[in-house]
Amino acid sequence: MNSSKNKLFFRNPKNQFIFALSFLFNLYFLNSCGTQQEEWKTKESSPHLSPAIVLGSLSGTPSTAGDNATFTINLQTPPGVDMVVALSSSDTTLGIVSHDNLTFSKDNYTTTQTVTVTGQCDNQSGGGTYSLTASAAQYYSSDNQSISATNKESAAFKVSSISGNISEAGDNATFTAHLCMAPTASVSISVTSSDTTEGTVSSSTLSYSSDNWSTPQTVTVYGVDDSLSDDNQAFKVTLGSVTTSDANYAGKNPDNVSVTNIDNETASITVSALSDNTTEAGDNATFTVVLDNQPTSDVSIAVSISDTTEATISPSSLTFSNSNYSTAQTVTAYGVDDYYDDDNVSYTITIDPSSSITSYNTMTSSTLTGYTIDNDTAAISVGAKSGNTSEFVTTATINVTLSTIPTANVSIVVTDNDSSEVSVSPTTLTITSSTWNTTNQVTLTGQDDNLSDGNITYRVSFATATSTDTKYNGMASSPAYIDVVNVDDGND
Amino acid sequence: MVEAKKPAHTYNRIGVDSGGAYGKYEGTSKTDPLSGSLTGAHYIWRTEGGFTYGFVYQQFDLNGSFAVNSTETTHQFKQETYSVTLGIEMKGTNLLSILTFNPQYIYSFHGKGSYQYEIKGNENRTSDLIEGGVALSGFELPIYLDFQTIYIGGKYSSISKSGPTQIVYASGGPDKIKITNAVTFLIGWNFGEKKRSRFW
């Protein structure tokens, strides 16, 4: 019955419309679950924009006193490849830009980059108007973009940098100075050296009037020679004490000029040769050290040796002052006695100066090569027997020692020629670096042969040694054998 | 004379349509016309009373270009939407009864699209592909000859909302893309228990 009711329900057009409307609204709400109409965002530029360099306006007015201003730059559309935008000033005597070029990529083309414009004081007429230009040849349609800048006249001093270093060898240097704006009255500037032991100046005063204010006046700085090894010395040429009735300049001081006087006393030391070789037997060797030039402060010299198992040095440090710099100081190398047959061994002595004077710190260390003469010879000594053996099973011993410390274990095979009379233990004697000169005993035990054979002499032999120490490998013992008597017990 | 009560029946329609579509790219300083194609498919239920409702899939592909300083810029816009429709089927009872009008409202519940422009000339560059959600709504008027098993005709669409809300660029804009109207040829098949019925 329900199905017939449903048929009746859907037979009514009004119900059909309500059902369809409900269907539509249900899907409308489905809309909220799916992707809806969105705002699209992109790093791209609108297609209606053409490539162009966008320059911002200048933030202020640069001046002859060095005041600066800034402007921004970016691109209007993304470049196909990283774009280099060249920046230039039409008159660098009036103003300069902080960057020769800026690079924009597809990712940062809209990000403004800042350029600083600094007013200059190099134009003979003071201030003036000039243009700042940005160009990018590969950014196809962009004409060069320019903005205008004005260099405002301001009372200031233009002091050039020094032309170079001066030296104690006679090299001079120059710099120039002039005013940046015409004065209303004469302007005098005093010129002095902050260290006349290092440099002097050609003029003590610079004078400017309304006629010559923009003409650079040259000051020459002369290097002063001294006899000290004092390194390169920096000092200043001081420009100050402006004398004028022009209120614009009164009370102002130009920048000082930094100068360096190159020292011509090079940092050097003289090291003598070693007097002789050192020996393990106690012979020493000496050498001397002395400075070649007078230092302005103490110079310490560290002395070290490369192999203290072969030689030591004393003292390990020397100090030279500006008063004893020319007196040679002696260093002694002492040979060290060891118990190795290591032949004559070389060592290196290093002489390394240090000081608050830079040139001594940077100079190359000196070295000497010496030898310690060896006094050790490898040998295998077989000691005397402790006694004879007997058929009462009495024993005897033989001790074996080395004359030097082996660098590896030394093995010696011990044999006898009559095992019915004696038993030898051990049959292989191993001598180490710790037992080389102590107890390395071979024990002989008399054997009872149940024969009334009287006293029998047998021989205990020591074979040539085997070792990875080449000094001992293949070496024969001395003596190579010992004869021992086994006393008969007479009971058989 | 007593007229026998006519039984009311429902039936379904499934079909495809294809034709031209038109739109515009609206920048802040100028508007460029767009034209291209619309391809779609539909599945419609018809009630006994003549109401129709169903699902529609549509794919638009529009292009347009403009030239400045010997450089031509071409817009390339695509969107596809899944929509529902609600309409009413109107047909007569005489010889013209096979001529059927089916005005309907279309409203999308899911859509996505993409836009890209290409510059050729002094500058040669293709922009990044920009993608996102889109919508579609408007009125459509299918007019077709409704035979017993197939129907064939055309459809005019007047679209009120389409594309993204706007495109926000790093520089310039924001710009808008709109599809305005479309004219398509349609063909489809009737199935279900179809009997002649009328709305008026």
# chains A, B, ... in the order shown; residues from 1 in each chain; ligands from 1

call {"tool": "residues_around", "arguments": {"residues": "Thr327 of chain A", "least_positions_apart": "6", "cutoff": "10 Å", "atoms": "only C-alpha atoms", "output": "PyMOL selection string"}}
result
chain A and resi 288-292+320

call {"tool": "write_last_selection", "arguments": {"atoms": "C-alpha atoms", "output": "PDB file, in the first residue's frame"}}
result
ATOM      1  CA  THR A 288     124.636  30.832  18.585  1.00  0.00           C
ATOM      2  CA  VAL A 289     121.744  33.169  17.770  1.00  0.00           C
ATOM      3  CA  VAL A 290     121.865  36.950  17.336  1.00  0.00           C
ATOM      4  CA  LEU A 291     119.501  39.634  15.921  1.00  0.00           C
ATOM      5  CA  ASP A 292     120.654  41.565  12.885  1.00  0.00           C
ATOM      6  CA  PHE A 320     116.701  39.737  22.973  1.00  0.00           C
TER       7      PHE A 320
END

call {"tool": "interface_residues", "arguments": {"of": "chain B", "to": "chain A", "cutoff": "8 Å", "atoms": "only C-alpha atoms", "output": "ChimeraX atom specification"}}
result
/B:8,27,29-30,47-53,73,84-86,107-112,117,122-123,125,127-128,130-135,163-175

call {"tool": "select_by_dssp", "arguments": {"residues": "segment 175-369 of chain A", "states": "strand (DSSP E or B)", "output": "PyMOL selection string"}}
result
chain A and resi 175-179+187-193+199-201+205-208+217-223+228-229+233-244+257-262+269-271+278-279+284-291+294-295+299-305+311-314+317-320+329-335+345-355+366-369

call {"tool": "closest_residue", "arguments": {"among": "B:Gln79, B:Gln104, B:Gln148, B:Thr10", "to": "Leu38 of chain B", "atoms": "only C-alpha atoms"}}
result
B:Gln79

call {"tool": "closest_residue", "arguments": {"among": "B:Tyr11, B:Phe147, B:Tyr156, B:Tyr82", "to": "Gly40 of chain B", "atoms": "only C-alpha atoms"}}
result
B:Tyr82

call {"tool": "residues_around", "arguments": {"residues": "Leu186 of chain B", "least_positions_apart": "5", "cutoff": "9 Å", "atoms": "only C-alpha atoms", "output": "count of residues only"}}
result
12

call {"tool": "residues_around", "arguments": {"residues": "Asp32 of chain B", "least_positions_apart": "5", "cutoff": "8 Å", "atoms": "only C-alpha atoms", "output": "VMD selection string"}}
result
chain B and resid 24 to 26 64 to 66

call {"tool": "atom_distance", "arguments": {"atom1": "atom CA of Thr372 of chain A", "atom2": "atom CA of Thr438 of chain A"}}
result
27.0 Å

call {"tool": "residues_around", "arguments": {"residues": "Asp352 of chain A", "least_positions_apart": "2", "cutoff": "6 Å", "atoms": "only C-alpha atoms", "output": "PyMOL selection string"}}
result
chain A and resi 301-302+365

call {"tool": "write_last_selection", "arguments": {"atoms": "N, CA and C atoms", "output": "PDB file, in the first residue's frame"}}
result
ATOM      1  N   ILE A 301     112.838  34.034  21.278  1.00  0.00           N
ATOM      2  CA  ILE A 301     113.136  32.993  20.292  1.00  0.00           C
ATOM      3  C   ILE A 301     112.988  31.639  20.972  1.00  0.00           C
ATOM      4  N   ALA A 302     112.052  30.850  20.484  1.00  0.00           N
ATOM      5  CA  ALA A 302     111.840  29.504  21.009  1.00  0.00           C
ATOM      6  C   ALA A 302     112.748  28.541  20.254  1.00  0.00           C
ATOM      7  N   SER A 365     110.897  30.390  10.270  1.00  0.00           N
ATOM      8  CA  SER A 365     111.763  29.806  11.292  1.00  0.00           C
ATOM      9  C   SER A 365     113.059  29.294  10.661  1.00  0.00           C
TER      10      SER A 365
END

call {"tool": "closest_residue", "arguments": {"among": "A:Tyr472, A:Tyr371, A:Phe287, A:Phe235", "to": "Thr332 of chain A", "atoms": "only C-alpha atoms"}}
result
A:Phe287

call {"tool": "residues_around", "arguments": {"residues": "Gln441 of chain A", "least_positions_apart": "3", "cutoff": "7 Å", "atoms": "only C-alpha atoms", "output": "list in words"}}
result
Thr397, Ile398, Asn399 and Val400 of chain A

call {"tool": "atom_distance", "arguments": {"atom1": "atom CA of Cys180 of chain A", "atom2": "atom CA of Asp211 of chain A"}}
result
12.6 Å

call {"tool": "residues_around", "arguments": {"residues": "Ser403 of chain A", "least_positions_apart": "3", "cutoff": "7 Å", "atoms": "only C-alpha atoms", "output": "PyMOL selection string"}}
result
chain A and resi 377-380+437

call {"tool": "closest_residue", "arguments": {"among": "B:Tyr57, B:Phe191, B:Tyr105, B:Phe77", "to": "Pro33 of chain B", "atoms": "only C-alpha atoms"}}
result
B:Phe77

call {"tool": "atom_distance", "arguments": {"atom1": "atom CA of Glu140 of chain B", "atom2": "atom CA of Ser83 of chain B"}}
result
12.4 Å

call {"tool": "select_by_dssp", "arguments": {"residues": "chain B", "states": "helix (DSSP H, G or I)", "output": "PyMOL selection string"}}
result
chain B and resi 95-98

call {"tool": "write_last_selection", "arguments": {"atoms": "N, CA and C atoms", "output": "mmCIF file, in the first residue's frame"}}
result
data_model
loop_
_atom_site.group_PDB
_atom_site.id
_atom_site.type_symbol
_atom_site.label_atom_id
_atom_site.label_comp_id
_atom_site.auth_asym_id
_atom_site.auth_seq_id
_atom_site.Cartn_x
_atom_site.Cartn_y
_atom_site.Cartn_z
ATOM 1 N N LEU B 95 1.282 18.218 -34.041
ATOM 2 C CA LEU B 95 2.369 17.740 -34.883
ATOM 3 C C LEU B 95 3.719 18.301 -34.451
ATOM 4 N N LEU B 96 3.651 19.442 -33.791
ATOM 5 C CA LEU B 96 4.906 20.024 -33.340
ATOM 6 C C LEU B 96 5.346 19.465 -31.985
ATOM 7 N N SER B 97 4.645 18.406 -31.569
ATOM 8 C CA SER B 97 4.936 17.917 -30.231
ATOM 9 C C SER B 97 6.358 17.389 -30.076
ATOM 10 N N ILE B 98 7.030 17.116 -31.174
ATOM 11 C CA ILE B 98 8.416 16.642 -31.019
ATOM 12 C C ILE B 98 9.357 17.800 -30.725
#

call {"tool": "closest_residue", "arguments": {"among": "B:Leu99, B:Ala21, B:Ile150, B:Ile119", "to": "Gln59 of chain B", "atoms": "only C-alpha atoms"}}
result
B:Ala21

call {"tool": "decode", "arguments": {"residues": "segment 63-188 of chain B", "atoms": "C-alpha atoms", "output": "PDB file, in the first residue's frame"}}
result
ATOM      1  CA  ASN B  63      41.626  31.663 -25.968  1.00  0.00           C
ATOM      2  CA  GLY B  64      42.173  35.274 -26.946  1.00  0.00           C
ATOM      3  CA  SER B  65      45.041  37.513 -27.854  1.00  0.00           C
ATOM      4  CA  PHE B  66      46.113  41.126 -28.107  1.00  0.00           C
ATOM      5  CA  ALA B  67      49.167  42.815 -29.587  1.00  0.00           C
ATOM      6  CA  VAL B  68      51.270  45.682 -28.278  1.00  0.00           C
ATOM      7  CA  ASN B  69      54.509  46.914 -29.821  1.00  0.00           C
ATOM      8  CA  SER B  70      54.851  43.934 -32.162  1.00  0.00           C
ATOM      9  CA  THR B  71      54.380  41.578 -29.261  1.00  0.00           C
ATOM     10  CA  GLU B  72      51.349  39.310 -29.129  1.00  0.00           C
ATOM     11  CA  THR B  73      50.001  38.002 -25.866  1.00  0.00           C
ATOM     12  CA  THR B  74      47.676  34.991 -25.951  1.00  0.00           C
ATOM     13  CA  HIS B  75      45.350  34.070 -23.094  1.00  0.00           C
ATOM     14  CA  GLN B  76      44.743  30.374 -22.532  1.00  0.00           C
ATOM     15  CA  PHE B  77      41.924  29.607 -20.109  1.00  0.00           C
ATOM     16  CA  LYS B  78      40.395  26.231 -19.310  1.00  0.00           C
ATOM     17  CA  GLN B  79      37.803  25.159 -16.815  1.00  0.00           C
ATOM     18  CA  GLU B  80      35.797  22.059 -16.172  1.00  0.00           C
ATOM     19  CA  THR B  81      32.797  21.878 -13.878  1.00  0.00           C
ATOM     20  CA  TYR B  82      30.379  19.370 -12.458  1.00  0.00           C
ATOM     21  CA  SER B  83      26.913  20.895 -12.073  1.00  0.00           C
ATOM     22  CA  VAL B  84      23.299  20.190 -11.320  1.00  0.00           C
ATOM     23  CA  THR B  85      20.401  21.494 -13.328  1.00  0.00           C
ATOM     24  CA  LEU B  86      16.769  22.161 -12.608  1.00  0.00           C
ATOM     25  CA  GLY B  87      14.348  22.983 -15.385  1.00  0.00           C
ATOM     26  CA  ILE B  88      11.035  22.370 -16.982  1.00  0.00           C
ATOM     27  CA  GLU B  89      10.292  20.525 -20.206  1.00  0.00           C
ATOM     28  CA  MET B  90       7.714  22.069 -22.504  1.00  0.00           C
ATOM     29  CA  LYS B  91       6.237  20.415 -25.577  1.00  0.00           C
ATOM     30  CA  GLY B  92       2.952  20.488 -27.425  1.00  0.00           C
ATOM     31  CA  THR B  93       0.432  17.767 -28.263  1.00  0.00           C
ATOM     32  CA  ASN B  94       0.047  18.353 -31.965  1.00  0.00           C
ATOM     33  CA  LEU B  95       2.369  17.740 -34.883  1.00  0.00           C
ATOM     34  CA  LEU B  96       4.906  20.024 -33.340  1.00  0.00           C
ATOM     35  CA  SER B  97       4.936  17.917 -30.231  1.00  0.00           C
ATOM     36  CA  ILE B  98       8.416  16.642 -31.019  1.00  0.00           C
ATOM     37  CA  LEU B  99       9.738  20.195 -30.661  1.00  0.00           C
ATOM     38  CA  THR B 100      10.770  20.520 -27.041  1.00  0.00           C
ATOM     39  CA  PHE B 101      11.969  23.438 -24.935  1.00  0.00           C
ATOM     40  CA  ASN B 102      13.740  22.749 -21.709  1.00  0.00           C
ATOM     41  CA  PRO B 103      14.773  26.001 -19.965  1.00  0.00           C
ATOM     42  CA  GLN B 104      16.935  25.153 -16.965  1.00  0.00           C
ATOM     43  CA  TYR B 105      19.150  26.686 -14.326  1.00  0.00           C
ATOM     44  CA  ILE B 106      22.641  25.264 -13.963  1.00  0.00           C
ATOM     45  CA  TYR B 107      24.746  25.484 -10.833  1.00  0.00           C
ATOM     46  CA  SER B 108      28.156  23.898 -10.336  1.00  0.00           C
ATOM     47  CA  PHE B 109      29.134  22.016  -7.216  1.00  0.00           C
ATOM     48  CA  HIS B 110      32.717  21.263  -8.202  1.00  0.00           C
ATOM     49  CA  GLY B 111      35.108  22.845 -10.645  1.00  0.00           C
ATOM     50  CA  LYS B 112      38.724  23.502 -11.402  1.00  0.00           C
ATOM     51  CA  GLY B 113      40.480  25.595 -13.965  1.00  0.00           C
ATOM     52  CA  SER B 114      43.769  26.916 -15.204  1.00  0.00           C
ATOM     53  CA  TYR B 115      45.125  30.017 -16.881  1.00  0.00           C
ATOM     54  CA  GLN B 116      48.355  30.745 -18.676  1.00  0.00           C
ATOM     55  CA  TYR B 117      49.474  33.398 -21.090  1.00  0.00           C
ATOM     56  CA  GLU B 118      52.084  33.243 -23.785  1.00  0.00           C
ATOM     57  CA  ILE B 119      54.044  36.217 -25.106  1.00  0.00           C
ATOM     58  CA  LYS B 120      55.620  36.134 -28.544  1.00  0.00           C
ATOM     59  CA  GLY B 121      57.497  38.825 -30.403  1.00  0.00           C
ATOM     60  CA  ASN B 122      60.084  41.110 -28.879  1.00  0.00           C
ATOM     61  CA  GLU B 123      59.701  39.108 -25.722  1.00  0.00           C
ATOM     62  CA  ASN B 124      59.140  35.374 -25.765  1.00  0.00           C
ATOM     63  CA  ARG B 125      57.866  33.919 -22.561  1.00  0.00           C
ATOM     64  CA  THR B 126      55.198  31.633 -21.219  1.00  0.00           C
ATOM     65  CA  SER B 127      53.794  32.465 -17.823  1.00  0.00           C
ATOM     66  CA  ASP B 128      53.497  30.039 -14.974  1.00  0.00           C
ATOM     67  CA  LEU B 129      50.379  27.884 -15.072  1.00  0.00           C
ATOM     68  CA  ILE B 130      47.902  29.289 -12.573  1.00  0.00           C
ATOM     69  CA  GLU B 131      45.323  26.820 -11.250  1.00  0.00           C
ATOM     70  CA  GLY B 132      42.498  26.771  -8.765  1.00  0.00           C
ATOM     71  CA  GLY B 133      38.828  26.313  -8.129  1.00  0.00           C
ATOM     72  CA  VAL B 134      36.196  27.729 -10.420  1.00  0.00           C
ATOM     73  CA  ALA B 135      32.412  27.951 -10.477  1.00  0.00           C
ATOM     74  CA  LEU B 136      29.694  28.004 -13.091  1.00  0.00           C
ATOM     75  CA  SER B 137      26.072  29.142 -12.917  1.00  0.00           C
ATOM     76  CA  GLY B 138      23.536  30.523 -15.334  1.00  0.00           C
ATOM     77  CA  PHE B 139      20.519  29.767 -17.478  1.00  0.00           C
ATOM     78  CA  GLU B 140      20.424  27.366 -20.374  1.00  0.00           C
ATOM     79  CA  LEU B 141      17.828  26.854 -23.050  1.00  0.00           C
ATOM     80  CA  PRO B 142      18.019  23.497 -24.804  1.00  0.00           C
ATOM     81  CA  ILE B 143      15.711  23.261 -27.845  1.00  0.00           C
ATOM     82  CA  TYR B 144      15.494  19.853 -29.442  1.00  0.00           C
ATOM     83  CA  LEU B 145      13.413  17.486 -31.497  1.00  0.00           C
ATOM     84  CA  ASP B 146      12.320  14.742 -29.151  1.00  0.00           C
ATOM     85  CA  PHE B 147      11.877  11.487 -31.031  1.00  0.00           C
ATOM     86  CA  GLN B 148      10.875   8.257 -29.394  1.00  0.00           C
ATOM     87  CA  THR B 149      14.410   7.120 -28.578  1.00  0.00           C
ATOM     88  CA  ILE B 150      16.698   9.994 -29.460  1.00  0.00           C
ATOM     89  CA  TYR B 151      16.581  13.706 -29.265  1.00  0.00           C
ATOM     90  CA  ILE B 152      18.651  16.190 -31.246  1.00  0.00           C
ATOM     91  CA  GLY B 153      18.915  19.958 -31.148  1.00  0.00           C
ATOM     92  CA  GLY B 154      20.861  22.864 -29.793  1.00  0.00           C
ATOM     93  CA  LYS B 155      21.424  24.764 -26.598  1.00  0.00           C
ATOM     94  CA  TYR B 156      22.082  28.357 -25.715  1.00  0.00           C
ATOM     95  CA  SER B 157      23.767  29.125 -22.411  1.00  0.00           C
ATOM     96  CA  SER B 158      23.855  32.481 -20.676  1.00  0.00           C
ATOM     97  CA  ILE B 159      26.457  32.230 -17.950  1.00  0.00           C
ATOM     98  CA  SER B 160      26.355  34.591 -15.005  1.00  0.00           C
ATOM     99  CA  LYS B 161      29.207  33.231 -12.892  1.00  0.00           C
ATOM    100  CA  SER B 162      32.320  31.436 -14.041  1.00  0.00           C
ATOM    101  CA  GLY B 163      36.064  31.094 -13.605  1.00  0.00           C
ATOM    102  CA  PRO B 164      37.923  32.190 -10.467  1.00  0.00           C
ATOM    103  CA  THR B 165      36.757  35.146  -8.425  1.00  0.00           C
ATOM    104  CA  GLN B 166      39.869  37.008  -9.593  1.00  0.00           C
ATOM    105  CA  ILE B 167      43.550  36.508 -10.343  1.00  0.00           C
ATOM    106  CA  VAL B 168      45.878  38.382  -8.022  1.00  0.00           C
ATOM    107  CA  TYR B 169      49.273  38.998  -9.609  1.00  0.00           C
ATOM    108  CA  ALA B 170      52.530  39.988  -7.947  1.00  0.00           C
ATOM    109  CA  SER B 171      52.371  43.081 -10.108  1.00  0.00           C
ATOM    110  CA  GLY B 172      49.365  44.461 -11.953  1.00  0.00           C
ATOM    111  CA  GLY B 173      45.783  43.334 -11.686  1.00  0.00           C
ATOM    112  CA  PRO B 174      43.797  41.900 -10.076  1.00  0.00           C
ATOM    113  CA  ASP B 175      42.265  40.631 -13.297  1.00  0.00           C
ATOM    114  CA  LYS B 176      39.152  38.550 -13.968  1.00  0.00           C
ATOM    115  CA  ILE B 177      38.225  35.861 -16.450  1.00  0.00           C
ATOM    116  CA  LYS B 178      34.575  35.379 -17.341  1.00  0.00           C
ATOM    117  CA  ILE B 179      32.692  33.001 -19.618  1.00  0.00           C
ATOM    118  CA  THR B 180      29.636  34.856 -20.912  1.00  0.00           C
ATOM    119  CA  ASN B 181      27.705  32.531 -23.194  1.00  0.00           C
ATOM    120  CA  ALA B 182      27.845  29.422 -25.315  1.00  0.00           C
ATOM    121  CA  VAL B 183      25.977  27.821 -28.229  1.00  0.00           C
ATOM    122  CA  THR B 184      26.197  24.065 -28.666  1.00  0.00           C
ATOM    123  CA  PHE B 185      24.745  21.237 -30.683  1.00  0.00           C
ATOM    124  CA  LEU B 186      23.296  18.425 -28.589  1.00  0.00           C
ATOM    125  CA  ILE B 187      22.217  14.847 -29.121  1.00  0.00           C
ATOM    126  CA  GLY B 188      21.037  12.193 -26.724  1.00  0.00           C
TER     127      GLY B 188
END
